[in-house]
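Report on one structure; see the data block that follows.
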Amino acid sequence: RLQVLGQAPLRLLDGAHNPDGARVLAASLRRWIRGRRLALCCGMLKDKDWRGILSHLAPLGGRFFLARPPDARGLEPEASAELLRAWGWEAQIHASVPAAWRAACKWAGKGGLACATGSLYTVGALLKALKKPSFR
């Protein structure tokens, strides 16, 4: 849980894939935010309670960077973007988890915080991409 990947921006990773996990993650992020710009990179599975997950993360503010996890059960990001926008939050859709992560880190800026979450498949895809020298 809550793995620190780096600084500038502070980059965090958490496999929160259900509402309880998202609630715990949100409580942790509140302690880390402290005036930082928050970018949430999310990819969720359609057979999980993705609305419940977002209900815990959305009140944190910031901006959402959404992508479909690389699994047949992956939720199309348009669905979560529609819900987030209805709640008044900004949400961007990206072609892949690594693309969403790059955009999230760029938007967060050096003094911000970027966190990838929503599915173990999302976390796995990001960790796999981070191992590639071409990704850095």
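Naming scheme: A, B, ... for chains in displayed order of the structure tokens; residues 1 onward per chain; ligands 1 onward as shown.
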**OP:** Return as a PyMOL selection string the full set of residues in region 10-130 of chain A whose backbone-based DSSP assignment is strand (DSSP E or B).
**Re:** chain A and resi 10-13+38-42+45+63-66+74+90-93+113-117
Sorted per-residue table, region 115-134 of chain A near region 21-33 of chain A, closest atoms and distance, 9 Å, only C-alpha atoms, as a Markdown table:
| residue | atom | partner | partner_atom | distance |
| --- | --- | --- | --- | --- |
| A:Cys115 | CA | A:Leu29 | CA | 8.7 |
| A:Thr117 | CA | A:Ala22 | CA | 8.5 |
| A:Gly118 | CA | A:Ala22 | CA | 7.8 |
Find the residues around Phe65 (chain A) up to 10 Å (only C-alpha atoms counted), leave out those fewer than 5 positions away in its own chain, and share them as a CSV table (one decimal) with all heavy atoms, in the first residue's frame.
chain,number,residue,atom,x,y,z
A,39,ALA,N,-3.0,15.2,-8.6
A,39,ALA,CA,-3.3,14.6,-9.8
A,39,ALA,C,-3.5,13.1,-9.5
A,39,ALA,O,-2.7,12.4,-9.0
A,39,ALA,CB,-2.2,14.7,-10.8
A,40,LEU,N,-4.7,12.6,-9.8
A,40,LEU,CA,-5.1,11.2,-9.6
A,40,LEU,C,-5.1,10.5,-10.9
A,40,LEU,O,-6.0,10.8,-11.8
A,40,LEU,CB,-6.4,11.1,-8.9
A,40,LEU,CG,-6.3,11.5,-7.4
A,40,LEU,CD1,-7.7,11.8,-6.9
A,40,LEU,CD2,-5.7,10.4,-6.6
A,41,CYS,N,-4.3,9.5,-11.1
A,41,CYS,CA,-4.2,8.6,-12.3
A,41,CYS,C,-5.0,7.4,-11.9
A,41,CYS,O,-4.6,6.6,-11.1
A,41,CYS,CB,-2.8,8.3,-12.6
A,41,CYS,SG,-2.6,7.1,-14.0
A,42,CYS,N,-6.2,7.2,-12.6
A,42,CYS,CA,-7.1,6.1,-12.2
A,42,CYS,C,-7.4,5.2,-13.4
A,42,CYS,O,-7.7,5.7,-14.5
A,42,CYS,CB,-8.4,6.6,-11.6
A,42,CYS,SG,-8.1,7.5,-10.1
A,43,GLY,N,-7.5,3.9,-13.1
A,43,GLY,CA,-8.0,3.0,-14.1
A,43,GLY,C,-8.7,1.9,-13.2
A,43,GLY,O,-8.1,1.4,-12.3
A,77,PRO,N,-12.7,4.5,-19.7
A,77,PRO,CA,-12.6,5.7,-18.9
A,77,PRO,C,-13.7,6.8,-19.1
A,77,PRO,O,-13.9,7.6,-18.3
A,77,PRO,CB,-11.2,6.3,-19.3
A,77,PRO,CG,-10.9,5.6,-20.6
A,77,PRO,CD,-11.6,4.3,-20.6
A,81,ALA,N,-15.2,9.3,-16.3
A,81,ALA,CA,-15.1,10.7,-16.6
A,81,ALA,C,-16.4,11.3,-16.6
A,81,ALA,O,-16.6,12.5,-16.0
A,81,ALA,CB,-14.4,10.9,-18.0
A,90,GLU,N,-12.7,17.8,-12.8
A,90,GLU,CA,-12.0,17.7,-14.1
A,90,GLU,C,-11.5,16.3,-14.3
A,90,GLU,O,-10.9,15.8,-13.4
A,90,GLU,CB,-10.9,18.8,-14.2
A,90,GLU,CG,-11.4,20.2,-14.2
A,90,GLU,CD,-10.3,21.2,-14.5
A,90,GLU,OE1,-9.5,20.9,-15.4
A,90,GLU,OE2,-10.2,22.2,-13.8
A,91,ALA,N,-11.7,15.8,-15.5
A,91,ALA,CA,-11.3,14.4,-15.8
A,91,ALA,C,-10.8,14.4,-17.3
A,91,ALA,O,-11.5,14.9,-18.2
A,91,ALA,CB,-12.4,13.4,-15.6
A,92,GLN,N,-9.6,13.9,-17.5
A,92,GLN,CA,-9.0,13.7,-18.8
A,92,GLN,C,-8.9,12.2,-19.1
A,92,GLN,O,-8.6,11.4,-18.2
A,92,GLN,CB,-7.6,14.3,-18.9
A,92,GLN,CG,-7.5,15.8,-18.7
A,92,GLN,CD,-6.1,16.3,-18.8
A,92,GLN,OE1,-5.2,15.5,-19.0
A,92,GLN,NE2,-5.9,17.5,-18.6
A,93,ILE,N,-9.2,11.9,-20.3
A,93,ILE,CA,-9.1,10.5,-20.8
A,93,ILE,C,-7.8,10.3,-21.6
A,93,ILE,O,-7.5,11.1,-22.4
A,93,ILE,CB,-10.3,10.1,-21.6
A,93,ILE,CG1,-11.6,10.2,-20.7
A,93,ILE,CG2,-10.2,8.7,-22.2
A,93,ILE,CD1,-12.9,10.1,-21.5
A,94,HIS,N,-7.1,9.2,-21.3
A,94,HIS,CA,-5.9,8.9,-22.0
A,94,HIS,C,-5.9,7.5,-22.6
A,94,HIS,O,-6.7,6.6,-22.1
A,94,HIS,CB,-4.7,9.0,-21.0
A,94,HIS,CG,-4.5,10.4,-20.6
A,94,HIS,ND1,-3.8,11.4,-21.3
A,94,HIS,CD2,-5.1,11.1,-19.5
A,94,HIS,CE1,-3.9,12.5,-20.6
A,94,HIS,NE2,-4.7,12.4,-19.6
A,97,VAL,N,-2.5,3.6,-19.4
A,97,VAL,CA,-2.2,4.0,-18.0
A,97,VAL,C,-0.8,4.7,-18.0
A,97,VAL,O,-0.8,5.8,-17.4
A,97,VAL,CB,-2.1,2.7,-17.1
A,97,VAL,CG1,-1.5,3.1,-15.8
A,97,VAL,CG2,-3.5,2.1,-16.9
A,99,ALA,N,0.4,6.7,-20.3
A,99,ALA,CA,0.1,8.0,-20.9
A,99,ALA,C,-0.7,8.9,-19.8
A,99,ALA,O,-0.3,10.1,-19.7
A,99,ALA,CB,-0.7,7.9,-22.1
A,100,ALA,N,-1.6,8.3,-19.1
A,100,ALA,CA,-2.3,9.0,-18.1
A,100,ALA,C,-1.3,9.4,-17.0
A,100,ALA,O,-1.4,10.5,-16.4
A,100,ALA,CB,-3.4,8.2,-17.5
A,101,TRP,N,-0.4,8.5,-16.6
A,101,TRP,CA,0.6,8.8,-15.6
A,101,TRP,C,1.5,10.0,-16.0
A,101,TRP,O,1.7,10.9,-15.2
A,101,TRP,CB,1.4,7.6,-15.3
A,101,TRP,CG,2.4,7.7,-14.2
A,101,TRP,CD1,3.7,7.7,-14.3
A,101,TRP,CD2,2.1,8.0,-12.8
A,101,TRP,NE1,4.3,7.9,-13.1
A,101,TRP,CE2,3.4,8.1,-12.2
A,101,TRP,CE3,1.0,8.2,-12.0
A,101,TRP,CZ2,3.5,8.4,-10.8
A,101,TRP,CZ3,1.1,8.4,-10.7
A,101,TRP,CH2,2.4,8.5,-10.1
A,102,ARG,N,2.0,9.9,-17.2
A,102,ARG,CA,2.8,11.0,-17.7
A,102,ARG,C,2.1,12.4,-17.6
A,102,ARG,O,2.6,13.4,-17.1
A,102,ARG,CB,3.2,10.8,-19.1
A,102,ARG,CG,4.4,9.9,-19.3
A,102,ARG,CD,4.9,9.9,-20.7
A,102,ARG,NE,5.8,8.9,-21.0
A,102,ARG,CZ,5.6,7.8,-21.7
A,102,ARG,NH1,4.5,7.7,-22.4
A,102,ARG,NH2,6.5,6.9,-21.9
A,103,ALA,N,0.8,12.4,-18.0
A,103,ALA,CA,0.1,13.6,-18.0
A,103,ALA,C,-0.2,14.1,-16.6
A,103,ALA,O,-0.2,15.3,-16.2
A,103,ALA,CB,-1.3,13.4,-18.7
A,104,ALA,N,-0.5,13.1,-15.7
A,104,ALA,CA,-0.8,13.4,-14.3
A,104,ALA,C,0.5,14.1,-13.6
A,104,ALA,O,0.4,15.1,-12.9
A,104,ALA,CB,-1.2,12.2,-13.5
A,105,CYS,N,1.6,13.5,-13.9
A,105,CYS,CA,2.9,14.0,-13.3
A,105,CYS,C,3.2,15.4,-13.8
A,105,CYS,O,3.6,16.3,-13.1
A,105,CYS,CB,4.0,13.0,-13.5
A,105,CYS,SG,3.9,11.5,-12.6
A,107,TRP,N,1.1,17.6,-15.0
A,107,TRP,CA,0.1,18.6,-14.5
A,107,TRP,C,0.4,18.9,-13.0
A,107,TRP,O,0.2,20.0,-12.6
A,107,TRP,CB,-1.3,18.0,-14.7
A,107,TRP,CG,-2.4,19.0,-14.2
A,107,TRP,CD1,-2.9,20.1,-14.9
A,107,TRP,CD2,-3.0,19.0,-12.9
A,107,TRP,NE1,-3.8,20.7,-14.2
A,107,TRP,CE2,-3.9,20.1,-12.9
A,107,TRP,CE3,-2.9,18.2,-11.8
A,107,TRP,CZ2,-4.7,20.4,-11.8
A,107,TRP,CZ3,-3.7,18.5,-10.7
A,107,TRP,CH2,-4.6,19.6,-10.7
A,114,ALA,N,1.2,13.3,-7.4
A,114,ALA,CA,0.5,12.4,-8.4
A,114,ALA,C,0.4,11.0,-7.7
A,114,ALA,O,1.3,10.5,-7.2
A,114,ALA,CB,1.3,12.3,-9.7
A,115,CYS,N,-0.8,10.5,-7.8
A,115,CYS,CA,-1.1,9.2,-7.3
A,115,CYS,C,-1.8,8.3,-8.3
A,115,CYS,O,-2.8,8.7,-8.9
A,115,CYS,CB,-1.9,9.3,-6.0
A,115,CYS,SG,-2.3,7.7,-5.2
A,116,ALA,N,-1.3,7.1,-8.5
A,116,ALA,CA,-1.9,6.2,-9.4
A,116,ALA,C,-2.7,5.1,-8.6
A,116,ALA,O,-2.1,4.6,-7.6
A,116,ALA,CB,-0.9,5.5,-10.3
Original post:
Taking only C-alpha atoms into account, which of A:Ser119, A:Ser96, A:Gln3, A:Ser55 comes nearest Arg68 (chain A)?
Top reply: A:Ser96
Original post:
Which neighbours of Trp89 (chain A) fall inside 9 Å, counting only C-alpha atoms, when residues of the same chain fewer than 6 positions from it are skipped, and could you give them as a PyMOL selection string?
Top reply: chain A and resi 58+61-64+81+83
Original post:
Running DSSP on the backbone, which parts of chain A land in helix (DSSP H, G or I), as JSON, numbers by chain?
Top reply: {"A": [19, 20, 21, 22, 23, 24, 25, 26, 27, 28, 29, 30, 31, 32, 33, 50, 51, 52, 53, 54, 55, 56, 57, 58, 59, 60, 77, 78, 79, 80, 81, 82, 83, 84, 85, 86, 97, 98, 99, 100, 101, 102, 103, 104, 105, 106, 107, 108, 120, 121, 122, 123, 124, 125, 126, 127, 128, 129, 130]}
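With only C-alpha atoms as the atoms that count, the minimum distance from Leu54 (chain A) to the choices A:Arg1, A:Arg37, A:Arg73, A:His17 is reached by A:His17.
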Subject >> Residues near Lys110 (chain A), cut-off 9 Å, only C-alpha atoms, skip fewer than 2 positions along chain, as number ranges by chain >> reply: A: 7-10, 105-106, 108, 112-113
Convert the current residue selection to file output with C-alpha atoms, as a compact mmCIF listing (two decimals), in the first residue's frame.
# COMPACT_ATOMS: atom_id res chain seq x y z
CA GLN A 7 9.75 13.23 -5.73
CA ALA A 8 9.12 16.42 -7.72
CA PRO A 9 6.26 15.75 -8.01
CA LEU A 10 5.71 13.45 -5.09
CA CYS A 105 2.87 14.00 -13.25
CA LYS A 106 3.27 16.87 -15.71
CA ALA A 108 0.99 18.10 -10.82
CA GLY A 112 2.55 18.64 -6.59
CA LEU A 113 1.43 15.13 -5.84
All residues 7 Å or closer to Asn18 (chain A), only C-alpha atoms, same chain fewer than 4 positions away omitted, as a PDB file with N, CA and C atoms, in the first residue's frame:
ATOM      1  N   ALA A  22     -10.108   2.659  -1.145  1.00  0.00           N
ATOM      2  CA  ALA A  22     -10.110   4.061  -1.569  1.00  0.00           C
ATOM      3  C   ALA A  22     -10.321   4.992  -0.379  1.00  0.00           C
ATOM      4  N   LYS A  48     -16.006  -4.020 -10.510  1.00  0.00           N
ATOM      5  CA  LYS A  48     -15.777  -3.547  -9.147  1.00  0.00           C
ATOM      6  C   LYS A  48     -16.694  -2.341  -8.896  1.00  0.00           C
ATOM      7  N   ASP A  49     -16.793  -1.918  -7.657  1.00  0.00           N
ATOM      8  CA  ASP A  49     -17.619  -0.757  -7.309  1.00  0.00           C
ATOM      9  C   ASP A  49     -16.824   0.519  -7.588  1.00  0.00           C
ATOM     10  N   ILE A  53     -15.449   3.738  -5.294  1.00  0.00           N
ATOM     11  CA  ILE A  53     -14.041   4.148  -5.230  1.00  0.00           C
ATOM     12  C   ILE A  53     -13.933   5.649  -5.480  1.00  0.00           C
TER      13      ILE A  53
END
Original post:
What is the distance, in Å and to one decimal place, between CA of Lys128 (chain A) and CA of Leu45 (chain A)?
Top reply: 18.4 Å
Original post:
Smallest atom-to-atom distance to His56 (chain A): which of A:Leu2, A:Leu84, A:Ala95, A:Leu130, using only C-alpha atoms?
Top reply: A:Leu84
